[in-house]
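Shown below: final.csv, with CSV, C-alpha atoms and all ligand atoms.
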```csv
chain,number,residue,atom,x,y,z
A,1,MET,CA,50.6,30.0,56.2
A,2,ALA,CA,53.8,31.9,55.4
A,3,GLY,CA,53.6,31.4,51.7
A,4,ALA,CA,51.7,32.8,48.7
A,5,ALA,CA,48.1,32.4,47.7
A,6,ALA,CA,46.6,32.9,44.3
A,7,LEU,CA,43.2,34.5,44.0
A,8,ILE,CA,41.6,34.0,40.6
A,9,LEU,CA,38.7,36.3,39.7
A,10,ALA,CA,36.1,34.5,37.6
A,11,GLY,CA,33.0,36.3,38.6
A,12,GLY,CA,32.4,38.0,35.2
A,13,SER,CA,29.1,37.5,33.5
A,14,ALA,CA,30.3,38.7,30.1
A,15,VAL,CA,28.9,36.3,27.5
A,16,ARG,CA,30.6,36.1,24.2
A,17,PHE,CA,30.3,34.6,20.8
A,18,GLY,CA,26.6,34.2,20.8
A,19,GLY,CA,26.6,31.5,23.5
A,20,ASP,CA,25.2,31.8,27.0
A,21,MET,CA,28.3,30.8,28.9
A,22,PRO,CA,30.5,33.4,30.6
A,23,LYS,CA,33.7,33.6,28.6
A,24,GLN,CA,36.0,32.3,31.5
A,25,TYR,CA,34.3,28.9,31.0
A,26,LEU,CA,34.8,28.8,27.2
A,27,LYS,CA,37.2,26.2,26.1
A,28,LEU,CA,40.5,26.9,24.5
A,29,ALA,CA,42.2,23.7,23.2
A,30,GLY,CA,39.9,21.6,25.2
A,31,ARG,CA,40.3,23.4,28.5
A,32,SER,CA,38.4,26.4,29.9
A,33,LEU,CA,40.2,29.7,30.2
A,34,LEU,CA,39.8,29.3,33.9
A,35,ARG,CA,41.4,25.9,34.0
A,36,HIS,CA,44.4,27.1,32.0
A,37,CYS,CA,45.0,29.8,34.7
A,38,VAL,CA,44.5,27.5,37.6
A,39,GLU,CA,46.8,24.8,36.2
A,40,THR,CA,49.6,27.3,35.8
A,41,PHE,CA,49.3,28.4,39.4
A,42,ILE,CA,49.0,24.8,40.7
A,43,ALA,CA,52.2,23.9,38.8
A,44,HIS,CA,54.1,26.8,40.3
A,45,PRO,CA,56.2,25.8,43.3
A,46,ASP,CA,55.8,29.1,45.2
A,47,ILE,CA,52.0,29.1,45.2
A,48,ASP,CA,50.6,27.3,48.2
A,49,ALA,CA,46.9,27.9,47.9
A,50,ILE,CA,44.5,28.8,45.1
A,51,ARG,CA,41.0,30.1,45.4
A,52,VAL,CA,38.6,31.1,42.6
A,53,VAL,CA,36.0,33.9,43.0
A,54,ILE,CA,32.8,33.1,41.0
A,55,ARG,CA,29.2,34.2,40.6
A,56,ALA,CA,27.2,32.0,43.0
A,57,GLU,CA,25.1,30.8,40.1
A,58,ASP,CA,28.2,29.5,38.3
A,59,ARG,CA,29.1,26.9,40.9
A,60,ALA,CA,28.3,24.0,38.6
A,61,LEU,CA,30.3,25.5,35.7
A,62,HIS,CA,33.2,26.1,38.1
A,63,ASP,CA,33.1,22.5,39.4
A,64,GLN,CA,33.0,21.1,35.9
A,65,ALA,CA,35.8,23.4,34.6
A,66,LEU,CA,38.2,22.5,37.4
A,67,ALA,CA,37.2,18.9,38.0
A,68,GLY,CA,40.0,16.9,39.7
A,69,LEU,CA,42.2,19.9,40.6
A,70,ASP,CA,43.2,20.3,44.2
A,71,ILE,CA,42.3,23.8,45.2
A,72,LEU,CA,40.2,25.6,47.8
A,73,ASP,CA,36.4,25.8,47.4
A,74,PRO,CA,35.3,28.8,45.5
A,75,VAL,CA,33.7,31.8,47.1
A,76,ALA,CA,31.0,34.1,45.6
A,77,GLY,CA,32.0,37.5,44.4
A,78,GLY,CA,30.2,40.8,44.8
A,79,ALA,CA,28.5,43.4,42.6
A,80,THR,CA,31.8,45.1,41.5
A,81,ARG,CA,35.2,43.8,40.7
A,82,GLN,CA,36.6,45.5,43.8
A,83,ASP,CA,33.9,43.9,45.9
A,84,SER,CA,34.7,40.4,44.4
A,85,SER,CA,38.4,40.9,45.0
A,86,PHE,CA,37.8,41.9,48.6
A,87,ARG,CA,35.5,39.0,49.3
A,88,GLY,CA,38.1,36.6,47.9
A,89,LEU,CA,40.9,38.2,50.0
A,90,GLU,CA,38.8,38.0,53.1
A,91,SER,CA,38.1,34.3,52.4
A,92,LEU,CA,41.9,33.7,52.7
A,93,SER,CA,42.2,35.3,56.1
A,94,HIS,CA,42.2,32.0,58.0
A,95,LEU,CA,45.3,31.0,55.9
A,96,ALA,CA,47.0,34.3,56.6
A,97,PRO,CA,49.3,34.1,53.6
A,98,ASP,CA,52.2,36.5,53.4
A,99,ARG,CA,51.6,37.3,49.8
A,100,VAL,CA,48.7,37.1,47.4
A,101,LEU,CA,48.6,37.2,43.6
A,102,ILE,CA,45.2,38.4,42.2
A,103,HIS,CA,44.6,37.2,38.7
A,104,ASP,CA,41.9,37.6,36.1
A,105,ALA,CA,40.5,34.4,34.7
A,106,ALA,CA,40.3,35.9,31.2
A,107,ARG,CA,44.1,35.8,30.9
A,108,PRO,CA,44.8,32.1,30.2
A,109,PHE,CA,48.4,32.6,29.2
A,110,ILE,CA,49.9,33.6,32.5
A,111,ASP,CA,53.3,32.1,32.6
A,112,PRO,CA,55.6,30.9,35.4
A,113,ALA,CA,58.3,33.5,34.6
A,114,THR,CA,56.0,36.4,35.1
A,115,ILE,CA,54.8,34.8,38.4
A,116,ASN,CA,58.5,34.5,39.4
A,117,ARG,CA,59.1,38.2,38.7
A,118,ILE,CA,56.1,39.3,40.8
A,119,ILE,CA,56.9,37.0,43.8
A,120,LYS,CA,60.6,38.1,43.7
A,121,ALA,CA,59.6,41.8,43.6
A,122,LEU,CA,57.3,41.3,46.6
A,123,ASP,CA,60.5,40.7,48.7
A,124,SER,CA,61.1,44.5,48.5
A,125,HIS,CA,57.7,45.9,47.6
A,126,ALA,CA,54.2,45.8,49.1
A,127,ALA,CA,52.5,45.9,45.7
A,128,VAL,CA,53.7,44.7,42.3
A,129,LEU,CA,52.1,45.2,38.9
A,130,PRO,CA,53.2,43.3,35.7
A,131,ALA,CA,52.9,45.4,32.7
A,132,VAL,CA,54.2,45.8,29.1
A,133,PRO,CA,55.4,49.1,27.6
A,134,VAL,CA,53.2,50.8,25.0
A,135,ILE,CA,55.0,50.6,21.7
A,136,ASP,CA,52.4,51.8,19.2
A,137,THR,CA,51.9,55.5,18.7
A,138,LEU,CA,48.7,56.5,20.5
A,139,LYS,CA,45.9,58.6,19.0
A,140,ARG,CA,43.0,60.1,20.7
A,141,ALA,CA,39.9,59.9,18.3
A,142,THR,CA,36.8,62.0,18.1
A,143,GLY,CA,33.5,61.4,16.4
A,144,VAL,CA,31.9,58.1,15.5
A,145,ASP,CA,31.7,55.7,12.5
A,146,GLU,CA,32.5,57.5,9.2
A,147,ASP,CA,33.1,60.8,11.1
A,148,LEU,CA,35.8,59.2,13.3
A,149,THR,CA,38.9,61.3,13.1
A,150,VAL,CA,42.1,61.8,14.9
A,151,ALA,CA,41.9,64.6,17.5
A,152,ASP,CA,45.5,64.4,18.6
A,153,THR,CA,48.5,62.3,19.2
A,154,VAL,CA,49.0,61.1,22.8
A,155,ASP,CA,52.5,61.1,24.3
A,156,ARG,CA,53.2,57.5,25.0
A,157,ASP,CA,56.2,58.2,27.0
A,158,GLY,CA,56.0,56.3,30.3
A,159,LEU,CA,52.8,54.5,29.4
A,160,TRP,CA,52.4,50.8,30.2
A,161,ARG,CA,49.6,48.3,29.7
A,162,ALA,CA,48.6,46.7,33.1
A,163,GLN,CA,48.2,42.9,33.3
A,164,THR,CA,47.5,40.4,36.0
A,165,PRO,CA,48.3,38.7,38.3
A,166,GLN,CA,49.0,41.7,40.5
A,167,GLY,CA,51.0,40.8,43.6
A,168,PHE,CA,50.6,42.2,47.1
A,169,ARG,CA,51.6,41.7,50.7
A,170,TYR,CA,48.4,40.3,52.0
A,171,ASP,CA,47.9,42.6,55.0
A,172,ASP,CA,48.7,45.7,52.9
A,173,ILE,CA,46.1,44.9,50.1
A,174,MET,CA,43.5,44.1,52.8
A,175,ASN,CA,44.1,47.5,54.4
A,176,ALA,CA,44.1,49.2,51.0
A,177,HIS,CA,40.7,47.7,50.2
A,178,ARG,CA,39.3,48.8,53.5
A,179,ILE,CA,40.6,52.3,53.0
A,180,CYS,CA,39.1,52.6,49.5
A,181,MET,CA,35.7,51.2,50.7
A,182,GLY,CA,35.8,53.6,53.7
A,183,ALA,CA,36.3,56.5,51.3
A,184,GLY,CA,33.4,55.4,49.1
A,185,MET,CA,35.7,54.5,46.2
A,186,GLY,CA,34.2,51.5,44.4
A,187,ALA,CA,33.0,50.9,40.9
A,188,GLY,CA,35.7,53.1,39.3
A,189,LEU,CA,38.6,51.0,40.4
A,190,THR,CA,39.2,48.5,37.7
A,191,ASP,CA,42.1,46.6,39.2
A,192,ASP,CA,43.7,45.9,42.5
A,193,SER,CA,46.7,48.1,41.7
A,194,ALA,CA,44.3,51.0,41.5
A,195,VAL,CA,43.0,50.1,45.0
A,196,ALA,CA,46.6,50.0,46.3
A,197,GLU,CA,47.5,53.3,44.5
A,198,ASN,CA,44.4,55.0,46.0
A,199,ALA,CA,45.3,53.8,49.4
A,200,GLY,CA,48.7,55.4,49.1
A,201,LEU,CA,50.7,52.2,48.5
A,202,LYS,CA,53.6,52.4,46.1
A,203,VAL,CA,53.1,49.9,43.3
A,204,ALA,CA,56.3,48.5,41.8
A,205,LEU,CA,56.2,47.6,38.1
A,206,VAL,CA,57.7,44.4,36.6
A,207,MET,CA,57.8,43.3,33.1
A,208,GLY,CA,54.7,41.3,32.0
A,209,ASN,CA,54.4,39.2,29.0
A,210,GLU,CA,52.9,40.2,25.6
A,211,ASP,CA,51.3,36.7,25.4
A,212,ASN,CA,49.5,37.3,28.7
A,213,MET,CA,46.6,38.7,26.8
A,214,LYS,CA,43.1,39.3,28.1
A,215,VAL,CA,40.4,37.4,26.1
A,216,THR,CA,37.6,40.0,25.7
A,217,MET,CA,36.5,40.2,22.1
A,218,PRO,CA,35.8,37.3,19.6
A,219,GLU,CA,39.0,38.3,17.8
A,220,ASP,CA,41.0,37.8,21.1
A,221,PHE,CA,39.7,34.3,21.2
A,222,GLU,CA,41.0,33.6,17.7
A,223,ARG,CA,44.3,35.1,18.6
A,224,ALA,CA,44.4,32.9,21.7
A,225,GLU,CA,43.7,29.8,19.6
A,226,ARG,CA,46.5,30.7,17.2
A,227,LEU,CA,48.9,31.2,20.2
A,228,ILE,CA,48.1,27.9,21.7
A,229,ALA,CA,48.2,26.1,18.3
A,230,GLY,CA,51.7,27.5,17.7
A,231,ARG,CA,52.9,26.1,21.1
A,232,SER,CA,52.4,22.4,20.7
A,233,GLY,CA,50.7,19.6,18.8
A,234,GLU,CA,50.6,18.7,15.2
A,235,THR,CA,48.1,19.1,12.4
A,236,ARG,CA,46.6,15.9,10.8
A,237,ILE,CA,44.7,15.7,7.6
A,238,GLY,CA,42.3,12.9,6.6
A,239,THR,CA,40.2,12.3,3.4
A,240,GLY,CA,37.0,10.4,2.9
A,241,PHE,CA,35.0,9.2,-0.2
A,242,ASP,CA,31.6,7.6,-0.4
A,243,VAL,CA,29.0,6.6,-3.0
A,244,HIS,CA,25.4,5.7,-2.7
A,245,GLN,CA,23.0,4.6,-5.5
A,246,PHE,CA,19.7,6.2,-6.2
A,247,GLY,CA,16.7,3.9,-5.7
A,248,PRO,CA,13.0,4.1,-4.8
A,249,GLY,CA,11.9,6.6,-2.2
A,250,GLY,CA,10.7,10.2,-1.7
A,251,HIS,CA,13.6,11.8,0.1
A,252,VAL,CA,17.4,11.6,0.6
A,253,VAL,CA,19.4,12.5,3.7
A,254,LEU,CA,22.6,14.5,2.9
A,255,CYS,CA,24.9,16.0,5.4
A,256,GLY,CA,22.3,15.3,8.1
A,257,VAL,CA,19.6,17.2,6.2
A,258,ARG,CA,16.4,15.5,4.9
A,259,ILE,CA,15.6,16.7,1.3
A,260,ALA,CA,12.4,15.8,-0.6
A,261,SER,CA,13.4,14.1,-3.8
A,262,ASP,CA,12.0,11.9,-6.6
A,263,HIS,CA,14.5,9.3,-5.6
A,264,GLY,CA,15.8,7.7,-2.4
A,265,LEU,CA,19.3,6.5,-1.7
A,266,VAL,CA,20.1,2.8,-1.3
A,267,GLY,CA,22.2,1.9,1.7
A,268,HIS,CA,22.4,-0.1,4.9
A,269,SER,CA,22.0,3.0,7.1
A,270,ASP,CA,20.3,6.3,6.0
A,271,ALA,CA,22.8,6.3,3.0
A,272,ASP,CA,24.0,9.8,3.9
A,273,ALA,CA,27.1,9.8,1.6
A,274,GLY,CA,28.1,13.3,2.9
A,275,LEU,CA,28.4,12.3,6.5
A,276,HIS,CA,29.9,8.9,5.6
A,277,ALA,CA,32.7,10.6,3.6
A,278,LEU,CA,33.2,13.1,6.5
A,279,THR,CA,33.3,10.3,9.1
A,280,ASP,CA,36.0,8.6,7.1
A,281,ALA,CA,38.0,11.8,6.7
A,282,ILE,CA,38.0,12.3,10.5
A,283,LEU,CA,38.9,8.6,11.2
A,284,GLY,CA,41.6,9.0,8.5
A,285,ALA,CA,43.1,12.0,10.2
A,286,ILE,CA,43.6,10.1,13.5
A,287,GLY,CA,44.6,6.8,11.7
A,288,ASP,CA,41.7,4.8,13.2
A,289,GLY,CA,40.3,2.6,10.5
A,290,ASP,CA,37.2,3.5,8.5
A,291,ILE,CA,33.5,3.7,9.0
A,292,GLY,CA,33.1,0.1,8.0
A,293,SER,CA,35.4,-1.1,10.8
A,294,HIS,CA,33.6,0.9,13.5
A,295,PHE,CA,30.1,0.3,12.2
A,296,PRO,CA,30.1,-3.0,10.2
A,297,PRO,CA,27.3,-3.2,7.6
A,298,SER,CA,26.8,-6.8,8.8
A,299,ASP,CA,25.6,-5.5,12.2
A,300,PRO,CA,21.8,-5.2,12.1
A,301,LYS,CA,22.1,-2.5,14.7
A,302,TRP,CA,23.0,0.1,12.0
A,303,ARG,CA,20.2,-0.8,9.6
A,304,GLY,CA,18.5,2.5,8.7
A,305,ALA,CA,20.6,4.3,11.4
A,306,ALA,CA,20.9,8.1,11.2
A,307,SER,CA,24.5,8.8,10.2
A,308,ASP,CA,24.8,11.5,12.9
A,309,ALA,CA,25.9,8.7,15.3
A,310,PHE,CA,28.8,7.7,13.0
A,311,LEU,CA,30.1,11.2,12.8
A,312,ARG,CA,29.6,11.9,16.5
A,313,HIS,CA,31.6,8.7,17.3
A,314,ALA,CA,34.5,9.8,15.1
A,315,ALA,CA,34.5,13.2,16.8
A,316,SER,CA,34.6,11.5,20.2
A,317,LEU,CA,37.6,9.5,19.1
A,318,VAL,CA,39.4,12.8,18.3
A,319,MET,CA,38.4,14.2,21.7
A,320,ALA,CA,39.7,11.0,23.4
A,321,ARG,CA,43.1,11.7,21.9
A,322,GLY,CA,43.1,15.2,23.3
A,323,GLY,CA,42.6,16.6,19.7
A,324,ARG,CA,40.3,19.1,18.2
A,325,ILE,CA,38.8,19.4,14.8
A,326,VAL,CA,40.2,22.5,13.0
A,327,ASN,CA,38.0,22.4,10.0
A,328,VAL,CA,36.1,20.1,7.6
A,329,ASP,CA,35.2,20.4,4.0
A,330,VAL,CA,32.6,18.2,2.2
A,331,THR,CA,32.0,18.1,-1.6
A,332,LEU,CA,28.8,16.5,-2.8
A,333,ILE,CA,28.9,15.3,-6.4
A,334,CYS,CA,25.5,14.8,-8.1
A,335,GLU,CA,23.2,16.1,-10.8
A,336,PHE,CA,20.3,16.3,-8.3
A,337,PRO,CA,18.9,17.2,-5.8
A,338,LYS,CA,20.0,20.8,-5.8
A,339,ILE,CA,22.3,21.3,-2.9
A,340,GLY,CA,22.4,25.2,-2.8
A,341,PRO,CA,19.1,25.8,-1.0
A,342,HIS,CA,20.2,23.3,1.8
A,343,ARG,CA,23.8,24.2,2.1
A,344,ASP,CA,23.4,26.5,5.2
A,345,ALA,CA,21.3,23.8,6.9
A,346,MET,CA,23.9,21.2,6.1
A,347,THR,CA,26.8,23.4,7.4
A,348,ASN,CA,24.9,24.1,10.6
A,349,ARG,CA,24.0,20.5,11.1
A,350,ILE,CA,27.5,19.3,10.8
A,351,ALA,CA,28.8,22.0,13.1
A,352,GLU,CA,26.2,20.9,15.6
A,353,ILE,CA,27.1,17.2,15.5
A,354,LEU,CA,30.8,18.0,15.7
A,355,GLU,CA,30.3,20.7,18.3
A,356,ILE,CA,32.5,23.2,16.4
A,357,GLU,CA,31.7,26.6,15.0
A,358,PRO,CA,29.9,26.7,11.6
A,359,GLU,CA,32.9,28.8,10.3
A,360,ARG,CA,34.9,25.6,10.5
A,361,VAL,CA,32.6,23.7,8.3
A,362,SER,CA,32.3,23.9,4.5
A,363,VAL,CA,29.8,22.1,2.3
A,364,LYS,CA,30.2,22.4,-1.5
A,365,ALA,CA,28.5,20.8,-4.4
A,366,THR,CA,29.3,20.1,-8.0
A,367,THR,CA,28.1,18.0,-11.0
A,368,THR,CA,30.2,15.9,-13.3
A,369,GLU,CA,28.8,17.6,-16.4
A,370,LYS,CA,26.6,14.6,-17.1
A,371,LEU,CA,29.6,12.3,-17.3
A,372,GLY,CA,29.9,9.0,-15.4
A,373,PHE,CA,27.5,7.4,-12.9
A,374,THR,CA,26.8,10.7,-11.1
A,375,GLY,CA,26.3,12.4,-14.4
A,376,ARG,CA,23.8,9.8,-15.5
A,377,GLY,CA,21.9,10.3,-12.2
A,378,GLU,CA,22.6,6.8,-11.0
A,379,GLY,CA,23.9,7.9,-7.6
A,380,ILE,CA,25.6,10.4,-5.4
A,381,ALA,CA,29.3,10.7,-4.5
A,382,ALA,CA,30.8,12.7,-1.7
A,383,GLN,CA,34.3,13.5,-0.7
A,384,ALA,CA,35.5,15.1,2.4
A,385,VAL,CA,38.7,16.5,4.1
A,386,ALA,CA,39.2,16.9,7.8
A,387,SER,CA,42.0,18.8,9.5
A,388,ILE,CA,42.7,17.9,13.2
A,389,ARG,CA,45.0,19.4,15.7
A,390,LEU,CA,46.4,16.8,18.1
A,401,MG,MG,28.2,5.1,2.8
```
For the structure just supplied, provide its representation as structure tokens.
Ligand code: MG
Amino acid sequence: MAGAAALILAGGSAVRFGGDMPKQYLKLAGRSLLRHCVETFIAHPDIDAIRVVIRAEDRALHDQALAGLDILDPVAGGATRQDSSFRGLESLSHLAPDRVLIHDAARPFIDPATINRIIKALDSHAAVLPAVPVIDTLKRATGVDEDLTVADTVDRDGLWRAQTPQGFRYDDIMNAHRICMGAGMGAGLTDDSAVAENAGLKVALVMGNEDNMKVTMPEDFERAERLIAGRSGETRIGTGFDVHQFGPGGHVVLCGVRIASDHGLVGHSDADAGLHALTDAILGAIGDGDIGSHFPPSDPKWRGAASDAFLRHAASLVMARGGRIVNVDVTLICEFPKIGPHRDAMTNRIAEILEIEPERVSVKATTTEKLGFTGRGEGIAAQAVASIRL
């Protein structure tokens, strides 16, 4: 093969945001970080083959994340980044590519223009690093926490922030890895450019892209979501309203949480006015009817049904349109039961059903100052707003 191959390193085990999934498999706008990277390389006309380096135990995650994409089978990485990179490079030897671009799966915003610059620079250089100049004034700090102080100002002249993909002539980077391994240099080399540098290769620098950020901390993920939201799509809003009457019974279900009460709520399903209002808000945002049209009260199937199913169905309709729920806000209007003690449980339950972070869910409560049917304790009203990004 005389062309260029892309090697994507996805062997990290760093788990973020309280989950148990390595971050390269976390979803950004419905696709994993890894898939964002792979799709960009697939779409590039100068990339002829793509291989992902994974942890052996992540094979199922890899297959799920990249389902339907035409790329080489993944290979298992090693104990260090350098080791993983070398194993990936070695696995390309049967293709004998002229050039290889080595990319970090935690950088989902790699763009075609940066890839172009790297491939072009490889016409005249054996190694190419995309980087962006350091613009901020740099300080070296000393101490910790409250005692953290500035030790000195670092001269930023000539300083650049390294990005990936880093491009190499294939034979040269293979040799560079062998030289570094032979010299016992391993764990300290944090990118392939460092491998090339240490092996005596001259590494050319081309302009990277400020958006080609590395998603490492939770705040990076938020920035990545803002970046992607700003690029495409539109925001939709929907509202919902529902009422159920108090009746006999010893509990109510509100926002998916069972609360002991002197009254029950009358309704065809479990009479969860909170989830009904929220379901209608989501259906409203995507312009797809209302809860009654999807789950007719005339259908005995829904008698006594837990309303989770209604809400889950509405969320699946959003997904089917390639959308995602940005946030939801529910207000429960009643004199009793007291909502405050159950608010966190309600928030978490809704987040669980919708498969979104609890930070995107709000549950509030109010009374109507003894006025009207809610004020007289005859029933409960709920209203909800949902914001959706399509
Ligand atoms: Mg209802």
Identify the residues within 12 Å of coordinate (60.3, 30.8, 37.5) (same frame as the file), considering all atoms listed in the file, and give the answer as a short mmCIF file (atom, residue, chain, number, x, y, z; two decimals) with C-alpha atoms, in the frame of the given file.
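What landed in out-v1.cif:
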```cif
data_model
loop_
_atom_site.label_atom_id
_atom_site.label_comp_id
_atom_site.auth_asym_id
_atom_site.auth_seq_id
_atom_site.Cartn_x
_atom_site.Cartn_y
_atom_site.Cartn_z
CA THR A 40 49.60 27.30 35.80
CA PHE A 41 49.30 28.40 39.40
CA ALA A 43 52.20 23.90 38.80
CA HIS A 44 54.10 26.80 40.30
CA PRO A 45 56.20 25.80 43.30
CA ASP A 46 55.80 29.10 45.20
CA ILE A 47 52.00 29.10 45.20
CA ILE A 110 49.90 33.60 32.50
CA ASP A 111 53.30 32.10 32.60
CA PRO A 112 55.60 30.90 35.40
CA ALA A 113 58.30 33.50 34.60
CA THR A 114 56.00 36.40 35.10
CA ILE A 115 54.80 34.80 38.40
CA ASN A 116 58.50 34.50 39.40
CA ARG A 117 59.10 38.20 38.70
CA ILE A 118 56.10 39.30 40.80
CA ILE A 119 56.90 37.00 43.80
CA LYS A 120 60.60 38.10 43.70
#
```
How close does each residue of stretch 110-175 of chain A get to stretch 99-104 of chain A, giving the shortest atom pair and distance in Å to one decimal for every residue with an atom at most 6 Å away, counting all atoms listed in the file, sorted by chain and residue number, as a Markdown table?
```
| residue | atom | partner | partner_atom | distance |
| --- | --- | --- | --- | --- |
| A:Thr164 | CA | A:His103 | CA | 5.1 |
| A:Pro165 | CA | A:His103 | CA | 4.0 |
| A:Gln166 | CA | A:Ile102 | CA | 5.3 |
| A:Gly167 | CA | A:Leu101 | CA | 4.3 |
| A:Phe168 | CA | A:Val100 | CA | 5.5 |
| A:Arg169 | CA | A:Arg99 | CA | 4.5 |
| A:Tyr170 | CA | A:Arg99 | CA | 4.9 |
```
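As for atom CA of A:Ala49 and atom CA of A:Ala10, they are spaced 16.3 Å apart.
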Select the residues contacting ligand MG 401 (chain A) at a distance of at most 7 Å, based on all atoms listed in the file, then format the selection as an MDAnalysis selection string.
chainID A and resid 242:244 267 271:273 276
Write a file of the just-selected residues containing C-alpha atoms, as an mmCIF file, in the frame of the given file.
```cif
data_model
loop_
_atom_site.group_PDB
_atom_site.id
_atom_site.type_symbol
_atom_site.label_atom_id
_atom_site.label_comp_id
_atom_site.auth_asym_id
_atom_site.auth_seq_id
_atom_site.Cartn_x
_atom_site.Cartn_y
_atom_site.Cartn_z
ATOM 1 C CA ASP A 242 31.600 7.600 -0.400
ATOM 2 C CA VAL A 243 29.000 6.600 -3.000
ATOM 3 C CA HIS A 244 25.400 5.700 -2.700
ATOM 4 C CA GLY A 267 22.200 1.900 1.700
ATOM 5 C CA ALA A 271 22.800 6.300 3.000
ATOM 6 C CA ASP A 272 24.000 9.800 3.900
ATOM 7 C CA ALA A 273 27.100 9.800 1.600
ATOM 8 C CA HIS A 276 29.900 8.900 5.600
#
```
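Each of A:Val206, A:Leu201, A:Ala105, A:Leu89 was checked against A:Val132 using only C-alpha atoms; the smallest atom-to-atom distance is that of A:Val206.
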A straight line from atom CA of A:Asp70 to atom CA of A:Lys23 spans 22.6 Å
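Residue nearest A:His125 within the list A:Ile50, A:Leu148, A:Ala176, A:Ala204: A:Ala204 [criterion: smallest interatomic distance, only C-alpha atoms].
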One residue among A:Lys139, A:Arg321, A:Arg55, A:Arg343 is nearest to A:Ala14 when using only C-alpha atoms, and that residue is A:Arg55
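Reported to one decimal place, the separation of atom CA of A:His251 from atom CA of A:Val361 is 23.9 Å.
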From the list A:Thr190, A:Thr235, A:Thr149, A:Ser32, the nearest residue to A:Ser85 using all atoms listed in the file is A:Thr190
Margin query: Give me, as a list in words, all polymer residues having an atom no more than 7 Å from A:Ser84, counting all atoms listed in the file and skipping those fewer than 6 positions away in the same chain.
Written below: Val53, Gly77 and Gly78 of chain A
Write out as a list in words which residues come within 12 Å of A:Ala151 when counting all atoms listed in the file, dropping same-chain ones fewer than 4 positions away. Leu138, Lys139, Arg140, Ala141, Thr142, Gly143 and Asp147 of chain A
